[in-house]
Amino acid sequence: MQAFILRRVLLMVPTLFGISLVTWLVMMLAPGRPGSTGGSLEGSTEQIGDMTKELEKGKAQRNFRRQYGLDRPLFVNTWYDLSADELLKDIETQKKKIADVGAAVKRKAKERLEDYGTYAVPPLMELLNRADLDDGTRHEVLRWLLRSSYTPPIETGDTADEETLNRNREIRTENLRLGRMKWRLGDPREKQDPVIAQWNTWYEDNRGNWEYGAFDKAFITITDTSFGTYWGKLATGDLGQSVIHKRPVLDLVAERMKYSIALNVTALLIVFFLAIPIGVWAAVYRGTKIERFVGVILFALYSLPNFFIATLLVKWFAAGEPYKVFPISGFESTGSADLSTSAHLSDILKHITLPLICLTYGGFAGISRYARAGMLDQIRSDYVRTARAKGVGGFKVITRHVLRNGVLPIITLLGTSLPVIIGGSVAIEFIFGINGMGLLMFQSVMAKDFNVIMGVQLMVGVLTMIGILISDITYAILDPRISLR
Amino acid sequence: MNRDEDLHDQHPEWPDEPVSEGVLHPDHEPVVDEHPEKDVVTFADIVRRQFMDNRVAVFALRSVQMLILLATVAPLIALNVPYVMVTDAGLELPIFERMFDRLTFKGGVDIFFNLLLVLGPAFWLSGRFARAVGLSGDRASMRGNPAVWGGLLVAYYAFFGLLAWKAHPIYLKLIGIAAGATFLILVGALSARRLTPRDKRRRANQVRVIVALGFAAAFTVLQLEWKYTKPSEVFRYRVEKEDVKFSLSPPIFFHPDNASDDNALALNRSLKPPSISARHLLGTDANGRDVFSRMLYGTRISLTIGIIAVSIYVTIGIILGSIAGYFGGKVDLLIMFVLQVLICIPTLFLLLTIIALFDQRSIFLIMLAIGLTSWTGVTRLVRGEFFRQRSIEYVAAAKCLGVPERRIIFSHILKNSIGPVLVAAAFGVAGAILTESFLSFLGLGDTNAPSWGQILAEGRDKRKNWLIFSPGIAIFFVVTVLNIVGEGLRDALDPKLRT
């Protein structure tokens with residue numbers, strides 16, 4: 001038994017790796033560049049035309065690209081050796097008209113330049129000092145230099161200590177200073193030269209930042225890539241910042257998780273405690289009229305979409321058309337945490353009654369049908385007939401003999417139904433406005449807050465994995481045959 | 001159960017050789033010359049008969065067929081364009097003029113169903129006529145009156161000609177494609193001398209391929225002609241006010257995407273409750289669009305997404321599952337590992353993540369996303385079946401005979417394990433339809449296509465009964481009916497329940 005559990009737990013490690021790999025692949029395989037600039041907010045009607053949201057989105061995307069290293073090469077990074085000519089070609093391409101080079105080529109060149117970031121500074125400096133460039137190109141080089149030399153402030157969210165604030169202040173001053181080192185397009189050479197000289201002194205001062213030793217180069221080659229960044233951040237438990245909520249994703253998910261877990265675990269318990277007796281009853285009284293009727297009802301419940309029922313229940317029992325028995329949304333009333341425990345509990349109960357109904361009836365119908373089938377399988381078997389022949393009473397045969405064997409396989413369903421129930425809670429949390437992971441996911445998808453999306457997906461994957469593990473181990477404890485296999 | 005069927009039971013693949021003539025099968029009509037193909041009872045025949053005995057399942061199947069038919073003929077039921085119109089300028093056929101018009105029908109799904117509506121009868125009538133003149137010309141296989149079916153076919157082509165002349169030149173090209181298919185079907189039907197049942201099945205498959213190719217060709221032609229647009233006209237106005245001498249319009253005279261009357265929004269006439277006198281059978285939505293019409297066209301979206309998404313993941317599942325199950329070993333380990341990982345990520349979350357990565361969400365993206373995220377179940381199923389079948393003697397026999405592995409996998413084992421996959425597919429279509437309507441309920445579907453989930457979302461916003469119940473009940477009905485079909489199929493495939 002211990003060996004089985006140990007094996008099963010050890011198996012979690014590669015699975016965990018697999019889950020994060022899938023998350024990474026989803027980002028990588030997406031066409032275009034996830035989180036690239038451009039694109040519209042189509043589909044989320046309420047947000048169209050909202051400029052602040054649009055800006056936030058751009059920020060979210062940049063943030064996301066940096067967080068997951070999407071602005072870096074896939075596996076091997078040799079950008080410390082960027083050649084000036086290569087860069088010049090890109091700069092010229094992205095300046096040309098679409099009609100001359102084609103939109104895709106132009107966009108690619110621009111995106112490459114954006115991605116290089118600070119790696120582009122040495123070649124850009126070289127270009128800036130070249131005498132054979134025409135004015136337009138040199139100005140363009142300056143523009144990219146301004147962009148590449150920009151240091152993004154450290155993401156702090158709401159919590160920031162004095163030190164980082166000071167550091168950010170310094171970064172901002174430096175950015176401002178660099179931002180002024182420019183000339184306007186069309187200015188004569190005499191105006192350009194002092195600016196170029198300024199840049200040269202700045203570059204000389206900070207030369208150390210772009211001088212790489214052999215070790216540095218090897219380190220960058222491997223770690224400063226998409227792959228390296230992603231796993232590096234995961235290994236340190238850093239899932240990045242949410243742009244909308246301005247908080248670390250991990251905190252956010254952990255906070256929302258408790259609502260989801262409370263809701264889903266309660267639902268799962270209700271499902272099993274109701275479904276199994278019904279299934280047993282249906283198997284014992286199979287073929288009777290009332291059993292058939294209940295069977296039809298269960299079948300109908302099984303196919304009833306829960307977002308439809310939830311909408312109806314809200315309308316009927318919460319929105320006051322015609323009744324107003326339950327609160328319309330939320331997990332608890334604001335400030336109810338200060339109430340006494342029992343009052344608090346009853347408040348929560350009132351809030352989650354309707355969500356629980358919607359969350360349970362589908363699984364309840366499905367699992368009771370499984371329970372019935374499992375019982376029927378056993379009722380027909382020989383050992384039951386033997387027991388009956390020996391004179392064991394009808395009730396005792398069912399409870400002592402059939403039930404144990406018939407219902408046991410249902411426990412495996414606990415594992416497989418977990419992802420379904422968690423998925424279903426997206427609908428319920430959305431409709432009842434419960435601040436769980438499902439709602440968080442939905443809001444992040446709408447606002448394109450990619451850090452949160454990836455974080456939630458990872459966390460839900462891990463949670464489900466743990467759920468499946470628990471159900472497997474429970475099954476193994478209840479049915480020793482499993483661990484012998 | 002007689003011995004013969006017993007054998008088929010264990011070896012569904014068993015034989016196609018005819019049982020000697022005159023043998024009486026129990027629970028079967030006596031074998032008569034007229035139906036020589038009934039001589040052979042294949043596994044599929046048994047399953048079909050079992051299924052047909054289940055009245056509820058048959059009803060559900062018929063309902064699904066009705067829904068597909070409804071989706072196909074939707075423009076004839078609800079559109080703001082008359083079928084026929086006689087004006088001073090002469091005869092017009094506006095609906096057929098607009099059948100493949102980008103302004104009237106925006107999506108590829110609509111174009112596909114319209115094509116089905118226009119070309120479907122041509123193919124169907126060709127098939128019936130081919131059967132009526134008798135396959136291979138022998139009288140025994142004649143079904144139906146050749147004169148009737150031939151007449152209908154001719155009438156249909158005459159109508160096609162009228163369309164080409166009056167409505168739009170594109171029908172000329174469609175006539176070409178349809179006539180080509182008819183010709184091929186007839187030549188095929190009349191060519192062979194004597195058809196064994198196996199030949200017939202092969203012939204039927206060939207006909208299916210011809211029809212599919214015909215559709216593909218027509219769809220390509222339409223894609224090339226796609227640019228054609230006609231300025232929109234307000235037919236309601238013309239029919240009511242202008243000097244239209246005669247007109248015949250669809251009973252529901254409303255377009256799914258356009259406000260039912262042009263001033264609906266301005267005059268605050270949206271959100272009308274259902275009324276028969278106003279011809280809004282299910283009321284209107286917040287944009288003044290007719291809900292019945294939207295529901296009808298929503299059927300097209302739902303069915304297409306359900307069927308295509310499931311075909312995608314069933315294909316993936318069959319390929320991966322059969323490879324894992326047949327070869328076992330390291331390949332199996334790898335595939336099972338991927339499966340184990342994917343099971344841990346709830347499908348809906350993965351789906352939401354994929355959808356979040358796209359700015360433009362077409363229904364094809366939704367189909368693809370559902371198809372690519374839901375293949376785990378089918379893979380497991382097929383793998384299990386392959387494991388089971390691999391050790392049965394017929395596989396060993398095939399190996400001894402030197403049958404290539406590809407053929408053992410795909411035409412021997414796969415054929416025997418396809419039953420459970422079909423069951424899973426029937427449930428899967430229901431699931432995919434549910435997923436799609438949920439996504440559009442959240443506002444994450446294709447915003448340009450009329451979808452049931454979208455209507456329900458509006459109902460939730462506006463708290464209007466007709467906006468909640470019509471899509472809710474429609475989704476419930478489709479899902480239930482498909483689940484019943486799946487259940488019936490499962491029972492029909494179960495040898496324990498065989499009567």
# chains A, B, ... in the order shown; residues from 1 in each chain; ligands from 1
>>> residues_around(residues="Lys106 of chain B", least_positions_apart="5", cutoff="12 Å", atoms="only C-alpha atoms", output="number ranges by chain")
B: 98-101, 111-112, 114, 226-227, 229, 255-258, 297, 362, 447-450
>>> closest_atom_pairs(of="segment 299-330 of chain A", to="segment 468-483 of chain B", cutoff="12 Å", atoms="only C-alpha atoms", output="CSV")
residue,atom,partner,partner_atom,distance
A:Phe299,CA,B:Thr480,CA,8.0
A:Ala300,CA,B:Thr480,CA,6.7
A:Leu301,CA,B:Thr480,CA,9.3
A:Tyr302,CA,B:Thr480,CA,8.3
A:Ser303,CA,B:Thr480,CA,5.3
A:Leu304,CA,B:Phe476,CA,5.3
A:Pro305,CA,B:Phe476,CA,6.4
A:Asn306,CA,B:Gly472,CA,9.7
A:Phe307,CA,B:Gly472,CA,8.8
A:Phe308,CA,B:Gly472,CA,5.6
A:Ile309,CA,B:Gly472,CA,8.2
A:Ala310,CA,B:Gly472,CA,10.8
A:Thr311,CA,B:Ile468,CA,7.8
A:Leu312,CA,B:Ile468,CA,7.5
A:Leu313,CA,B:Ile468,CA,11.3
A:Val314,CA,B:Ile468,CA,11.7
A:Lys315,CA,B:Ile468,CA,9.9
A:Trp316,CA,B:Ile468,CA,11.9
>>> write_last_selection(atoms="C-alpha atoms", output="PDB file, in the first residue's frame")
ATOM      1  CA  PHE A 299     -32.000  11.916 -17.389  1.00  0.00           C
ATOM      2  CA  ALA A 300     -33.631  15.278 -18.052  1.00  0.00           C
ATOM      3  CA  LEU A 301     -31.697  16.906 -15.208  1.00  0.00           C
ATOM      4  CA  TYR A 302     -28.514  15.494 -16.652  1.00  0.00           C
ATOM      5  CA  SER A 303     -29.081  17.333 -19.952  1.00  0.00           C
ATOM      6  CA  LEU A 304     -30.342  20.577 -18.453  1.00  0.00           C
ATOM      7  CA  PRO A 305     -27.723  23.297 -19.053  1.00  0.00           C
ATOM      8  CA  ASN A 306     -26.743  24.757 -15.694  1.00  0.00           C
ATOM      9  CA  PHE A 307     -26.286  28.305 -16.951  1.00  0.00           C
ATOM     10  CA  PHE A 308     -29.906  28.266 -18.101  1.00  0.00           C
ATOM     11  CA  ILE A 309     -31.162  27.021 -14.752  1.00  0.00           C
ATOM     12  CA  ALA A 310     -28.937  29.459 -12.888  1.00  0.00           C
ATOM     13  CA  THR A 311     -30.309  32.347 -14.940  1.00  0.00           C
ATOM     14  CA  LEU A 312     -33.844  31.241 -14.199  1.00  0.00           C
ATOM     15  CA  LEU A 313     -33.233  30.744 -10.480  1.00  0.00           C
ATOM     16  CA  VAL A 314     -31.692  34.188 -10.170  1.00  0.00           C
ATOM     17  CA  LYS A 315     -34.663  35.698 -11.938  1.00  0.00           C
ATOM     18  CA  TRP A 316     -37.239  33.818  -9.924  1.00  0.00           C
TER      19      TRP A 316
END
>>> closest_residue(among="B:Arg143, B:Arg490, B:Arg203, B:Lys462", to="chain A", atoms="only C-alpha atoms")
B:Lys462
>>> residues_around(residues="Leu146 of chain A", least_positions_apart="4", cutoff="7 Å", atoms="only C-alpha atoms", output="number ranges by chain")
A: 142, 150, 179
>>> residues_around(residues="Val402 of chain A", least_positions_apart="4", cutoff="12 Å", atoms="only C-alpha atoms", output="ChimeraX atom specification")
/A:280,283-284,371-385,387-388,394-398,406-408
>>> closest_residue(among="A:Asn175, A:Ser329, A:Thr23, A:Ser242", to="chain B", atoms="only C-alpha atoms")
A:Thr23
>>> atom_distance(atom1="atom CA of Leu350 of chain B", atom2="atom CA of Val22 of chain A")
9.5 Å
>>> select_by_dssp(residues="segment 46-103 of chain B", states="alpha helix (DSSP H)", output="VMD selection string")
chain B and resid 46 to 53 55 to 72 74 to 77 94 to 97
>>> write_last_selection(atoms="N, CA and C atoms", output="CSV table (one decimal), in the first residue's frame")
chain,number,residue,atom,x,y,z
B,46,ILE,N,-27.6,-5.8,-37.2
B,46,ILE,CA,-28.1,-6.2,-35.9
B,46,ILE,C,-28.3,-5.0,-35.0
B,47,VAL,N,-27.2,-4.1,-35.0
B,47,VAL,CA,-27.3,-2.9,-34.2
B,47,VAL,C,-28.4,-2.0,-34.7
B,48,ARG,N,-28.5,-1.9,-36.0
B,48,ARG,CA,-29.6,-1.0,-36.5
B,48,ARG,C,-30.9,-1.5,-36.0
B,49,ARG,N,-31.1,-2.9,-36.1
B,49,ARG,CA,-32.4,-3.4,-35.8
B,49,ARG,C,-32.7,-3.2,-34.3
B,50,GLN,N,-31.7,-3.4,-33.5
B,50,GLN,CA,-31.8,-3.2,-32.0
B,50,GLN,C,-32.2,-1.8,-31.7
B,51,PHE,N,-31.5,-0.9,-32.5
B,51,PHE,CA,-31.8,0.6,-32.3
B,51,PHE,C,-33.2,0.9,-32.7
B,52,MET,N,-33.6,0.4,-33.8
B,52,MET,CA,-34.9,0.7,-34.3
B,52,MET,C,-36.1,0.2,-33.4
B,53,ASP,N,-35.7,-0.9,-32.6
B,53,ASP,CA,-36.7,-1.4,-31.7
B,53,ASP,C,-37.0,-0.5,-30.5
B,55,ARG,N,-38.1,2.6,-29.2
B,55,ARG,CA,-39.0,3.7,-29.8
B,55,ARG,C,-38.5,5.1,-29.4
B,56,VAL,N,-38.1,5.3,-28.1
B,56,VAL,CA,-37.7,6.6,-27.7
B,56,VAL,C,-36.4,7.0,-28.5
B,57,ALA,N,-35.5,6.1,-28.6
B,57,ALA,CA,-34.3,6.4,-29.4
B,57,ALA,C,-34.6,6.8,-30.8
B,58,VAL,N,-35.5,6.1,-31.4
B,58,VAL,CA,-35.8,6.4,-32.8
B,58,VAL,C,-36.5,7.7,-32.9
B,59,PHE,N,-37.3,8.0,-31.9
B,59,PHE,CA,-37.9,9.4,-31.9
B,59,PHE,C,-36.8,10.4,-31.8
B,60,ALA,N,-35.9,10.2,-30.9
B,60,ALA,CA,-34.8,11.2,-30.7
B,60,ALA,C,-34.0,11.3,-32.0
B,61,LEU,N,-33.7,10.2,-32.7
B,61,LEU,CA,-33.0,10.3,-33.9
B,61,LEU,C,-33.7,11.1,-35.0
B,62,ARG,N,-35.0,10.8,-35.1
B,62,ARG,CA,-35.8,11.6,-36.0
B,62,ARG,C,-35.8,13.1,-35.7
B,63,SER,N,-35.8,13.4,-34.4
B,63,SER,CA,-35.8,14.8,-34.0
B,63,SER,C,-34.5,15.4,-34.4
B,64,VAL,N,-33.4,14.7,-34.3
B,64,VAL,CA,-32.1,15.2,-34.8
B,64,VAL,C,-32.2,15.5,-36.3
B,65,GLN,N,-32.7,14.5,-37.0
B,65,GLN,CA,-32.8,14.7,-38.4
B,65,GLN,C,-33.7,15.9,-38.8
B,66,MET,N,-34.8,16.0,-38.0
B,66,MET,CA,-35.7,17.2,-38.2
B,66,MET,C,-34.9,18.5,-38.0
B,67,LEU,N,-34.1,18.5,-37.0
B,67,LEU,CA,-33.3,19.7,-36.7
B,67,LEU,C,-32.4,20.1,-37.8
B,68,ILE,N,-31.7,19.0,-38.4
B,68,ILE,CA,-30.8,19.3,-39.5
B,68,ILE,C,-31.6,19.8,-40.7
B,69,LEU,N,-32.8,19.2,-40.9
B,69,LEU,CA,-33.6,19.7,-42.0
B,69,LEU,C,-34.1,21.1,-41.7
B,70,LEU,N,-34.5,21.4,-40.5
B,70,LEU,CA,-34.9,22.8,-40.2
B,70,LEU,C,-33.7,23.8,-40.4
B,71,ALA,N,-32.5,23.4,-40.0
B,71,ALA,CA,-31.4,24.3,-40.2
B,71,ALA,C,-31.2,24.5,-41.6
B,72,THR,N,-31.4,23.5,-42.5
B,72,THR,CA,-31.1,23.6,-43.9
B,72,THR,C,-32.2,24.5,-44.5
B,74,ALA,N,-33.9,26.8,-43.2
B,74,ALA,CA,-34.1,28.1,-42.5
B,74,ALA,C,-34.5,29.3,-43.3
B,75,PRO,N,-33.8,29.5,-44.5
B,75,PRO,CA,-34.1,30.7,-45.3
B,75,PRO,C,-35.6,30.7,-45.8
B,76,LEU,N,-36.1,29.4,-46.0
B,76,LEU,CA,-37.4,29.3,-46.6
B,76,LEU,C,-38.5,29.6,-45.5
B,77,ILE,N,-38.0,29.5,-44.2
B,77,ILE,CA,-39.0,29.8,-43.1
B,77,ILE,C,-38.9,31.2,-42.6
B,94,PRO,N,-36.3,36.8,-55.5
B,94,PRO,CA,-35.4,37.5,-54.6
B,94,PRO,C,-34.6,36.6,-53.6
B,95,ILE,N,-35.3,35.6,-53.1
B,95,ILE,CA,-34.6,34.8,-52.1
B,95,ILE,C,-33.5,34.0,-52.7
B,96,PHE,N,-33.7,33.5,-53.9
B,96,PHE,CA,-32.6,32.8,-54.6
B,96,PHE,C,-31.5,33.7,-55.1
B,97,GLU,N,-31.9,34.9,-55.3
B,97,GLU,CA,-30.9,35.9,-55.7
B,97,GLU,C,-29.9,36.1,-54.6
>>> closest_atom_pairs(of="segment 264-354 of chain B", to="segment 399-407 of chain B", cutoff="12 Å", atoms="only C-alpha atoms", output="CSV")
residue,atom,partner,partner_atom,distance
B:Ile319,CA,B:Arg406,CA,11.4
B:Ser322,CA,B:Arg406,CA,10.5
B:Ile323,CA,B:Arg406,CA,10.2
B:Tyr326,CA,B:Glu405,CA,9.6
B:Phe327,CA,B:Glu405,CA,10.2
>>> write_last_selection(atoms="C-alpha atoms", output="short mmCIF file (atom, residue, chain, number, x, y, z; two decimals), in the first residue's frame")
data_model
loop_
_atom_site.label_atom_id
_atom_site.label_comp_id
_atom_site.auth_asym_id
_atom_site.auth_seq_id
_atom_site.Cartn_x
_atom_site.Cartn_y
_atom_site.Cartn_z
CA ILE B 319 -5.47 7.95 -34.40
CA SER B 322 -5.23 3.10 -31.94
CA ILE B 323 -1.51 3.77 -32.06
CA TYR B 326 -1.99 -1.44 -30.83
CA PHE B 327 1.70 -0.84 -30.36
#
>>> atom_distance(atom1="atom CA of Ser149 of chain A", atom2="atom CA of Arg172 of chain A")
12.1 Å
>>> atom_distance(atom1="atom CA of Val101 of chain A", atom2="atom CA of Gly136 of chain A")
18.2 Å
>>> closest_residue(among="A:Leu359, A:Ala343, A:Ile477, A:Leu21", to="chain B", atoms="only C-alpha atoms")
A:Leu21
>>> residues_around(residues="segment 263-272 of chain A", least_positions_apart="4", cutoff="7 Å", atoms="only C-alpha atoms", output="list of chain:residue names")
A:Tyr259, A:Ile276, A:Leu356, A:Leu359, A:Thr360, A:Gly363, A:Phe364, A:Ile421, A:Ile422
